[in-house]
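J.: Handing you this structure, nothing more for now.
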Protein chains: 2
Amino acid sequence: MKVSKDEIILAARELFREKGYAGASMQDLADRVGLRKASLYMRFPNKEALVPEVLEMTLNTTFSQPGISSPDWKTAYEAVIRSIAAALTDRHRCVGFHLAYGIGDDTPLAKQAVRDFFRSHLDRMTDILARAMPRETATIIAADDLARLEGATLHLALFDDPTSMKRAVDLALGPVRSH
Amino acid sequence: MKVSKDEIILAARELFREKGYAGASMQDLADRVGLRKASLYMRFPNKEALVPEVLEMTLNTTFSQPGISSPDWKTAYEAVIRSIAAALTDRHRCVGFHLAYGIGDDTPLAKQAVRDFFRSHLDRMTDILARAMPRETATIIAADDLARLEGATLHLALFDDPTSMKRAVDLALGPVRSH
DNA sequence: CCTACCGATCGGTAGG
DNA sequence: CCTACCGATCGGTAGG
């Protein structure tokens with residue numbers, strides 16, 4: 001077993017991020033990891049099954065950054081925002097968002113995985129904020145902060161412009177700091 | 001000539017919005033407008049050529065809404081924001097954003113069209129705001145307001161939740177009103 | 001993990 | 001605006 005499952009998932013993530021679900025081909029994925037296409041089907045039953053794996057890995061990485069498990073909610077929230085923003089700034093696109101837009105009803109398992117991915121983000125962000133404010137308020141702030149970070153990828157993807165993402169981070173953390 | 005060019009462009013827009021560039025097929029487009037696939041090539045040289053047309057039509061519609069040409073900048077800006085938000089809320093996705101994410105270097109004309117599309121949005125928004133504030137400030141506010149509107153489509157596309165978009169509108173218009 | 005292959009569909013064209 | 005077709009590529013499988 002020369003190529004690990006994680007290597008394939010990492011390559012699949014790159015591919016989905018760049019080309020979306022429909023634009024990503026199993027042949028391209030095989031080429032990137034140095035396998036024959038048929039060999040991919042030893043580890044994954046089909047293309048759709050890559051989606052949950054890609055998103056789980058991404059979620060785990062995002063929420064494994066230092067500081068996120070801090071008991072201090074301000075520290076934890078800042079770490080989450082910075083972790084998400086760093087990944088998006090680095091890659092210019094969000095895999096999850098690309099899949100959210102690109103996946104249809106013909107791939108229901110993938111669709112559910114995308115929903116779970118963002119639900120998890122929103123829930124974890126809300127949980128942190130809810131330590132310091134009513135849960136209803138926390139839900140709204142989490143949703144809007146995440147939307148703003150995602151929206152800022154427009155300027156990254158199209159114009160290579162990271163300033164909107166930086167302001168999105170500042171705007172998310174400003175109220176937290178002065179709380 | 002039973003099927004007009006505009007009908008095809010409208011159908012292509014729906015298709016690109018739903019499935020992205022790679023996921024949209026000329027056969028599907030032909031089926032939607034009731035033509036044979038080959039007949040599409042009478043009006044468009046290839047698939048890529050649909051993209052500029054789709055985006056030009058969308059831009060024109062967005063900026064033809066009443067109020068946008070008002071000499072009062074507050075009226076004009078509110079009309080722009082509401083026009084964009086209404087389209088996104090209605091369709092749950094932004095064609096331009098889907099294409100921004102999905103189009104690669106193999107379709108350079110389409111890529112440029114997407115850039116022009118958003119550049120036009122940003123320029124027109126900035127021009128309106130610059131009537132009342134320094135141009136540098138206007139540029140930043142326009143970029144962030146647009147990013148927020150686009151980001152809010154995440155909640156629309158995934159969870160059918162329009163509240164984030166409503167707040168994006170309120171947040172864009174709040175400072176304008178109290179100016 | 002490979003070679004070899006399947007039917008289906010892709011964007012696009014020939015020719016009328 | 002159509003029928004008929006092109007080569008290329010798609011996701012996936014058989015069989016070893």
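As shown in the structure tokens, the chain order sets the letters A, B, ...; within each chain, residues go from 1, and ligands are also counted from 1 in the order they appear.
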Name the residues of stretch 68-150 of chain A that come out as helix (DSSP H, G or I) in a backbone DSSP run; write them as a VMD selection string.

T.: chain A and resid 73 to 91 95 to 102 108 to 129 135 to 150

J.: Residues within 8 Å of stretch 6-12 of chain C, please, as a ChimeraX atom specification. Count only C-alpha atoms (C1' of nucleotides); anything in the same chain fewer than 5 positions from it doesn't count.

T.: /B:25-26,46-47 /D:8-10,13

J.: Using N, CA, C and O atoms (P, O5', C5', C4', C3', O3' and C1' of nucleotides), can you write the selected residues to a file as a PDB file, in the first residue's frame?

T.:
ATOM      1  N   SER B  25     -24.381  21.032 -19.260  1.00  0.00           N
ATOM      2  CA  SER B  25     -24.111  20.423 -20.572  1.00  0.00           C
ATOM      3  C   SER B  25     -24.959  21.083 -21.654  1.00  0.00           C
ATOM      4  O   SER B  25     -26.081  21.540 -21.404  1.00  0.00           O
ATOM      5  N   MET B  26     -24.398  21.131 -22.832  1.00  0.00           N
ATOM      6  CA  MET B  26     -25.097  21.723 -23.971  1.00  0.00           C
ATOM      7  C   MET B  26     -26.362  20.926 -24.294  1.00  0.00           C
ATOM      8  O   MET B  26     -27.363  21.486 -24.755  1.00  0.00           O
ATOM      9  N   ASN B  46     -19.472  28.306 -29.074  1.00  0.00           N
ATOM     10  CA  ASN B  46     -19.155  27.204 -28.173  1.00  0.00           C
ATOM     11  C   ASN B  46     -19.714  27.495 -26.787  1.00  0.00           C
ATOM     12  O   ASN B  46     -20.307  28.556 -26.552  1.00  0.00           O
ATOM     13  N   LYS B  47     -19.507  26.558 -25.885  1.00  0.00           N
ATOM     14  CA  LYS B  47     -20.060  26.673 -24.533  1.00  0.00           C
ATOM     15  C   LYS B  47     -19.499  27.890 -23.807  1.00  0.00           C
ATOM     16  O   LYS B  47     -20.228  28.613 -23.121  1.00  0.00           O
TER      17      LYS B  47
ATOM     18  P    DA D   8      -9.153  11.274 -30.184  1.00  0.00           P
ATOM     19  O5'  DA D   8      -9.898  11.757 -28.857  1.00  0.00           O
ATOM     20  C5'  DA D   8     -10.266  13.127 -28.765  1.00  0.00           C
ATOM     21  C4'  DA D   8     -10.862  13.399 -27.394  1.00  0.00           C
ATOM     22  C3'  DA D   8     -10.131  12.698 -26.248  1.00  0.00           C
ATOM     23  O3'  DA D   8      -9.926  13.638 -25.207  1.00  0.00           O
ATOM     24  C1'  DA D   8     -12.457  12.158 -26.203  1.00  0.00           C
ATOM     25  P    DT D   9      -9.072  13.305 -23.913  1.00  0.00           P
ATOM     26  O5'  DT D   9     -10.199  13.016 -22.816  1.00  0.00           O
ATOM     27  C5'  DT D   9     -11.197  13.990 -22.577  1.00  0.00           C
ATOM     28  C4'  DT D   9     -12.320  13.349 -21.809  1.00  0.00           C
ATOM     29  C3'  DT D   9     -11.868  12.598 -20.547  1.00  0.00           C
ATOM     30  O3'  DT D   9     -12.314  13.342 -19.421  1.00  0.00           O
ATOM     31  C1'  DT D   9     -13.590  11.467 -21.739  1.00  0.00           C
ATOM     32  P    DC D  10     -12.002  12.843 -17.927  1.00  0.00           P
ATOM     33  O5'  DC D  10     -13.400  12.248 -17.477  1.00  0.00           O
ATOM     34  C5'  DC D  10     -14.565  13.081 -17.555  1.00  0.00           C
ATOM     35  C4'  DC D  10     -15.813  12.253 -17.295  1.00  0.00           C
ATOM     36  C3'  DC D  10     -15.676  11.232 -16.175  1.00  0.00           C
ATOM     37  O3'  DC D  10     -15.935  11.860 -14.940  1.00  0.00           O
ATOM     38  C1'  DC D  10     -16.773  10.267 -18.074  1.00  0.00           C
ATOM     39  P    DT D  13     -19.070  -0.079  -9.955  1.00  0.00           P
ATOM     40  O5'  DT D  13     -18.513  -1.116 -11.039  1.00  0.00           O
ATOM     41  C5'  DT D  13     -19.266  -1.331 -12.216  1.00  0.00           C
ATOM     42  C4'  DT D  13     -18.627  -2.457 -13.020  1.00  0.00           C
ATOM     43  C3'  DT D  13     -18.202  -3.669 -12.191  1.00  0.00           C
ATOM     44  O3'  DT D  13     -18.602  -4.829 -12.906  1.00  0.00           O
ATOM     45  C1'  DT D  13     -16.356  -2.864 -13.432  1.00  0.00           C
TER      46       DT D  13
END

J.: Output as a PyMOL selection string the set of chain B residues within 10 Å of chain A, with distances taken over only C-alpha atoms.

T.: chain B and resi 16-24+92-98+100-104+111-112+114-116+118-119+140-141+143-155+157-159+163-165+167-168

J.: Residues at most 12 Å from A:Ala49, counting only C-alpha atoms (C1' of nucleotides), excluding those fewer than 3 positions away in the same chain, as a PyMOL selection string?

T.: chain A and resi 9+12+21+26+40-41+43-46+52-56+107-114

J.: What lies within 7 Å of stretch 78-82 of chain B using only C-alpha atoms (C1' of nucleotides), ignoring chain neighbours under 2 positions off, as a list in words?

T.: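 Final neighbour list, sorted by chain and number: Phe63, Gly67, Ile68, Lys74, Thr75, Ala76, Ile84, Ala85, Ala86, Val169 and Leu173 of chain B.
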